[in-house]
>>> print(open('protein12.cif').read())   # mmCIF, C-alpha atoms
data_input
#
loop_
_atom_site.label_atom_id
_atom_site.label_comp_id
_atom_site.auth_asym_id
_atom_site.auth_seq_id
_atom_site.Cartn_x
_atom_site.Cartn_y
_atom_site.Cartn_z
CA MET U 401 78.94 -17.15 -39.78
CA SER U 402 75.78 -18.93 -40.89
CA THR U 403 72.66 -19.39 -38.81
CA ASP U 404 73.40 -23.07 -38.23
CA GLU U 405 76.90 -22.27 -37.02
CA MET U 406 75.53 -19.73 -34.55
CA VAL U 407 73.00 -22.27 -33.28
CA VAL U 408 75.68 -24.92 -32.78
CA ARG U 409 77.97 -22.40 -31.07
CA ALA U 410 75.26 -21.46 -28.57
CA ALA U 411 74.39 -25.14 -28.06
CA ARG U 412 78.04 -26.04 -27.37
CA PHE U 413 78.30 -23.24 -24.82
CA ALA U 414 75.16 -24.56 -23.10
CA THR U 415 76.61 -28.07 -23.18
CA ASP U 416 79.87 -26.97 -21.58
CA LEU U 417 77.97 -25.04 -18.90
CA TRP U 418 75.70 -28.03 -18.21
CA ARG U 419 78.60 -30.48 -17.95
CA THR U 420 80.60 -28.10 -15.75
CA MET U 421 77.85 -27.54 -13.20
CA ASN U 422 77.27 -31.31 -13.06
CA GLY U 423 80.88 -31.92 -12.00
CA HIS U 424 82.35 -32.92 -15.37
CA ASP U 425 85.71 -31.78 -16.64
CA ILE U 426 85.07 -30.36 -20.11
CA ARG U 427 88.79 -30.55 -20.95
CA SER U 428 88.81 -34.34 -20.66
CA THR U 429 86.46 -37.31 -20.61
CA SER U 430 86.43 -37.48 -16.82
CA THR U 431 83.02 -37.21 -15.20
CA ALA U 432 84.02 -36.53 -11.62
CA ASP U 433 87.02 -34.19 -11.66
CA GLY U 434 85.38 -30.91 -12.64
CA VAL U 435 85.51 -27.65 -10.72
CA CYS U 436 81.95 -28.20 -9.44
CA ALA U 437 82.50 -31.79 -8.31
CA ASN U 438 83.24 -30.64 -4.74
CA ASP U 439 82.02 -27.02 -4.81
CA SER U 440 78.27 -26.78 -4.24
CA VAL U 441 78.30 -22.97 -4.08
CA LEU U 442 79.85 -22.67 -7.54
CA ARG U 443 77.45 -25.29 -8.84
CA CYS U 444 74.45 -23.31 -7.56
CA SER U 445 75.90 -20.16 -9.14
CA PHE U 446 76.18 -21.89 -12.52
CA LEU U 447 72.66 -23.25 -12.14
CA ALA U 448 71.35 -19.73 -11.43
CA LEU U 449 73.20 -18.49 -14.53
CA TRP U 450 71.64 -21.29 -16.61
CA GLN U 451 68.13 -20.46 -15.41
CA TRP U 452 68.72 -16.76 -15.99
CA ILE U 453 69.83 -17.31 -19.61
CA TRP U 454 67.34 -20.08 -20.42
CA PRO U 455 64.34 -19.92 -18.02
CA LYS U 456 62.58 -22.86 -19.70
CA ALA U 457 65.01 -24.66 -22.01
CA CYS U 458 67.94 -23.97 -24.31
CA PHE U 459 66.33 -23.89 -27.74
CA ALA U 460 69.72 -24.06 -29.47
CA VAL U 461 70.38 -27.45 -27.85
CA LEU U 462 66.90 -28.66 -28.79
CA LYS U 463 67.46 -27.50 -32.36
CA VAL U 464 70.74 -29.38 -32.72
CA GLN U 465 69.25 -32.46 -31.08
CA SER U 466 66.51 -32.46 -33.72
CA TRP U 467 69.18 -32.78 -36.44
CA ARG U 468 70.62 -35.96 -34.97
CA CYS U 469 68.15 -38.44 -36.48
CA GLN U 470 68.51 -37.24 -40.08
CA HIS U 471 71.96 -35.66 -40.32
CA GLU U 472 74.10 -37.52 -37.82
CA ASP U 473 76.28 -39.21 -40.47
CA THR U 474 76.59 -36.25 -42.83
CA PRO U 475 79.93 -34.39 -43.21
CA ARG U 476 78.30 -31.02 -42.54
CA TYR U 477 76.86 -32.26 -39.23
CA LYS U 478 80.35 -33.22 -38.07
CA ARG U 479 81.98 -30.10 -39.51
CA LEU U 480 79.62 -27.86 -37.53
CA GLY U 481 80.65 -29.61 -34.30
CA ALA U 482 77.13 -30.84 -33.59
CA PRO U 483 78.32 -34.21 -32.18
CA LYS U 484 79.80 -32.29 -29.23
CA VAL U 485 76.40 -30.92 -28.26
CA LEU U 486 74.51 -32.49 -25.37
CA GLN U 487 72.46 -35.43 -26.61
CA VAL U 488 69.41 -37.15 -25.17
CA TYR U 489 69.28 -40.90 -25.76
CA PRO U 490 66.11 -43.06 -25.79
CA GLU U 491 67.10 -44.72 -22.52
CA GLU U 492 67.31 -41.35 -20.78
CA THR U 493 63.97 -40.27 -22.24
CA ALA U 494 62.29 -43.46 -21.00
CA ALA U 495 63.79 -43.02 -17.53
CA SER U 496 62.66 -39.40 -17.41
CA GLU U 497 59.11 -40.32 -18.42
CA THR U 498 59.00 -43.03 -15.74
CA GLU U 499 60.15 -40.52 -13.11
CA GLU U 500 57.55 -37.97 -14.20
CA ARG U 501 54.78 -40.57 -13.98
CA SER U 502 55.84 -41.41 -10.43
CA TYR U 503 55.35 -37.74 -9.49
CA GLU U 504 51.85 -37.45 -10.98
CA PRO U 505 49.97 -38.13 -7.69
CA LEU U 506 52.04 -35.48 -5.90
CA LEU U 507 51.55 -32.96 -8.71
CA GLN U 508 47.82 -33.61 -8.69
CA LEU U 509 47.70 -33.08 -4.92
CA VAL U 510 49.56 -29.77 -5.22
CA SER U 511 47.31 -28.64 -8.07
CA ASN U 512 44.16 -29.44 -6.08
CA GLU U 513 45.46 -27.58 -3.02
CA LEU U 514 46.28 -24.52 -5.14
CA ASP U 515 42.75 -24.57 -6.53
CA ARG U 516 41.34 -24.77 -3.00
CA GLN U 517 43.42 -21.84 -1.81
CA LEU U 518 42.39 -19.74 -4.80
CA TRP U 519 38.74 -20.57 -4.15
CA ARG U 520 39.06 -19.71 -0.45
CA GLY U 521 40.71 -16.41 -1.24
CA GLU U 522 37.97 -15.54 -3.70
CA MET U 523 35.27 -16.45 -1.19
CA VAL U 524 36.89 -14.29 1.51
CA THR U 525 36.98 -11.34 -0.87
CA ARG U 526 33.34 -11.77 -1.81
CA ALA U 527 32.29 -12.22 1.82
CA TYR U 528 34.04 -9.00 2.79
CA GLU U 529 32.44 -7.07 -0.10
CA HIS U 530 29.03 -8.51 0.83
CA TYR U 531 29.52 -7.47 4.46
CA LYS U 532 30.53 -3.94 3.47
CA GLN U 533 27.38 -3.58 1.36
CA GLN U 534 25.16 -4.85 4.16
CA SER U 535 26.94 -2.72 6.76
CA SER U 536 26.55 0.47 4.73
CA SER U 537 22.86 -0.22 4.04
CA LEU U 538 22.15 -0.90 7.73
CA THR U 539 23.99 2.22 8.80
CA ASN U 540 22.09 4.41 6.40
CA SER U 541 18.68 2.93 7.24
CA ASN U 542 18.84 2.54 11.00
CA THR U 543 21.88 3.36 13.11
CA ALA U 544 20.27 2.06 16.28
CA THR U 545 19.98 -1.52 15.09
CA SER U 546 23.64 -1.60 14.05
CA THR U 547 24.76 -1.21 17.66
CA SER U 548 22.37 -3.77 19.13
CA SER U 549 23.48 -7.23 20.19
CA ASN U 550 22.85 -10.51 18.40
CA SER U 551 20.68 -13.29 19.78
CA ASP U 552 23.73 -14.88 21.41
CA GLY U 553 24.72 -11.64 23.13
CA THR U 554 27.73 -10.87 20.91
CA ASP U 555 28.45 -7.55 19.29
CA PRO U 556 27.82 -7.69 15.52
CA GLN U 557 30.79 -5.38 14.98
CA GLN U 558 33.07 -8.08 16.37
CA GLN U 559 31.92 -10.60 13.76
CA GLN U 560 32.73 -8.56 10.69
CA HIS U 561 34.93 -9.98 7.96
CA MET U 562 38.46 -8.66 7.76
CA PRO U 563 39.63 -7.23 4.42
CA PRO U 564 41.83 -9.54 2.34
CA ILE U 565 45.56 -9.30 2.86
CA VAL U 566 47.61 -7.68 0.11
CA ARG U 567 50.54 -9.85 -0.92
CA ASP U 568 53.31 -7.36 -0.29
CA ALA U 569 57.06 -7.99 -0.25
CA ALA U 570 57.01 -9.45 3.27
CA PHE U 571 54.20 -11.86 2.34
CA LYS U 572 56.01 -13.08 -0.78
CA HIS U 573 59.16 -13.79 1.24
CA GLY U 574 57.27 -15.97 3.73
CA GLY U 575 56.57 -13.39 6.43
CA TRP U 576 52.80 -13.99 6.43
CA VAL U 577 52.29 -13.18 10.12
CA THR U 578 54.34 -9.99 9.88
CA SER U 579 52.54 -8.87 6.74
CA THR U 580 49.11 -9.56 8.24
CA SER U 581 49.90 -7.84 11.52
CA ARG U 582 51.31 -4.77 9.83
CA GLN U 583 48.36 -4.36 7.48
CA ARG U 584 45.82 -4.90 10.25
CA ARG U 585 47.60 -2.32 12.42
CA GLN U 586 47.66 0.26 9.62
CA LEU U 587 43.90 -0.16 9.17
CA GLN U 588 43.33 -0.16 12.97
CA LEU U 589 41.62 -3.54 12.80
CA ASP U 590 43.65 -5.38 15.41
CA GLY U 591 42.47 -3.43 18.45
CA GLY U 592 45.71 -1.51 18.72
CA VAL U 593 46.73 1.99 17.81
CA ALA U 594 48.14 2.86 14.42
CA VAL U 595 51.09 5.15 15.09
CA THR U 596 51.95 7.28 12.09
CA LYS U 597 54.03 10.06 13.67
CA ILE U 598 56.30 10.24 16.68
CA ARG U 599 57.13 13.60 18.25
CA MET U 600 60.24 13.88 20.36
CA SER U 601 60.83 16.77 22.74
CA VAL U 602 64.20 17.57 24.20
CA LYS U 603 64.37 19.54 27.45
CA GLY U 604 67.23 21.87 28.13
CA PRO U 605 69.33 21.79 31.29
CA GLU U 606 67.49 23.18 34.28
#
>>> encode(input="protein12.cif", output="structure tokens")
Amino acid sequence: MSTDEMVVRAARFATDLWRTMNGHDIRSTSTADGVCANDSVLRCSFLALWQWIWPKACFAVLKVQSWRCQHEDTPRYKRLGAPKVLQVYPEETAASETEERSYEPLLQLVSNELDRQLWRGEMVTRAYEHYKQQSSSLTNSNTATSTSSNSDGTDPQQQQHMPPIVRDAAFKHGGWVTSTSRQRRQLQLDGGVAVTKIRMSVKGPE
């Protein structure tokens, strides 16, 4: 089997998978009688399989599509089975570009918000490091002044910056409050008690 035949074979498999998960019946020309036409769970499963095999794009399909302009009418193009591979027509490309342009303001808004959050996270980290340096220098120079009150009567220890939160498994799955509370409790920064060991005693019958 030549390289081109292997490319077309992979591209035809991707085409059949794409048509199937979009509700088409690959055994006929029908576009609404496939196994996924009324089964959303199976469609999501096929979509997950597609994204697992080709995270960005199927390069075999793109390769065969690049042959269409120059070799569409050649006997070898038809003998390889390339006409059965998923094709992208100029009308679809124009519609896709129009849709992407309509999303540009939203994408720009999301990008700006991500930049803001990154900047805020960096500033929190730097503020905490700056506080730790100042706190250690004040403690070493004069311990009495570190326990004195501010001009507004508040305790300076109550205004310290908290350490940044580590993005653990709970944080990545959306449990931000749980992750923050657990990390603060482990460092004894929430005013509670960090329990590390529990001892249980069992009394015998009296």
>>> atom_distance(input="protein12.cif", atom1="atom CA of Leu447 of chain U", atom2="atom CA of Trp418 of chain U")
8.3 Å
>>> closest_residue(input="protein12.cif", among="U:Ile453, U:Met523, U:Leu417, U:Leu518", to="Cys436 of chain U", atoms="all atoms listed in the file")
U:Leu417
>>> closest_residue(input="protein12.cif", among="U:Ala482, U:Lys572, U:Thr578, U:Val510", to="Ser466 of chain U", atoms="all atoms listed in the file")
U:Ala482
>>> closest_residue(input="protein12.cif", among="U:Pro564, U:Pro490, U:Gly423, U:Pro483", to="Tyr528 of chain U", atoms="only C-alpha atoms")
U:Pro564
>>> resolve_selection(input="protein12.cif", expression="the PyMOL selection byres ((chain U and resi 435) around 9)", output="PyMOL selection string")
chain U and resi 420-421+423-425+433-434+436-439+442-443
>>> closest_atom_pairs(input="protein12.cif", of="segment 426-537 of chain U", to="segment 565-568 of chain U", cutoff="12 Å", atoms="all atoms listed in the file", output="JSON lines")
{"residue": "U:Gly521", "atom": "CA", "partner": "U:Ile565", "partner_atom": "CA", "distance": 9.5}
{"residue": "U:Glu522", "atom": "CA", "partner": "U:Ile565", "partner_atom": "CA", "distance": 11.8}
{"residue": "U:Val524", "atom": "CA", "partner": "U:Ile565", "partner_atom": "CA", "distance": 10.1}
{"residue": "U:Thr525", "atom": "CA", "partner": "U:Ile565", "partner_atom": "CA", "distance": 9.6}
{"residue": "U:Tyr528", "atom": "CA", "partner": "U:Ile565", "partner_atom": "CA", "distance": 11.5}
>>> atom_distance(input="protein12.cif", atom1="atom CA of His530 of chain U", atom2="atom CA of Ser581 of chain U")
23.5 Å
>>> atom_distance(input="protein12.cif", atom1="atom CA of Thr493 of chain U", atom2="atom CA of Val461 of chain U")
15.4 Å
>>> closest_residue(input="protein12.cif", among="U:Ala569, U:Leu587, U:Cys469, U:Ala460", to="Thr403 of chain U", atoms="all atoms listed in the file")
U:Ala460
>>> residues_around(input="protein12.cif", residues="Gly481 of chain U", least_positions_apart="6", cutoff="9 Å", atoms="all atoms listed in the file", output="list in words")
Glu405, Val408, Arg409 and Arg412 of chain U
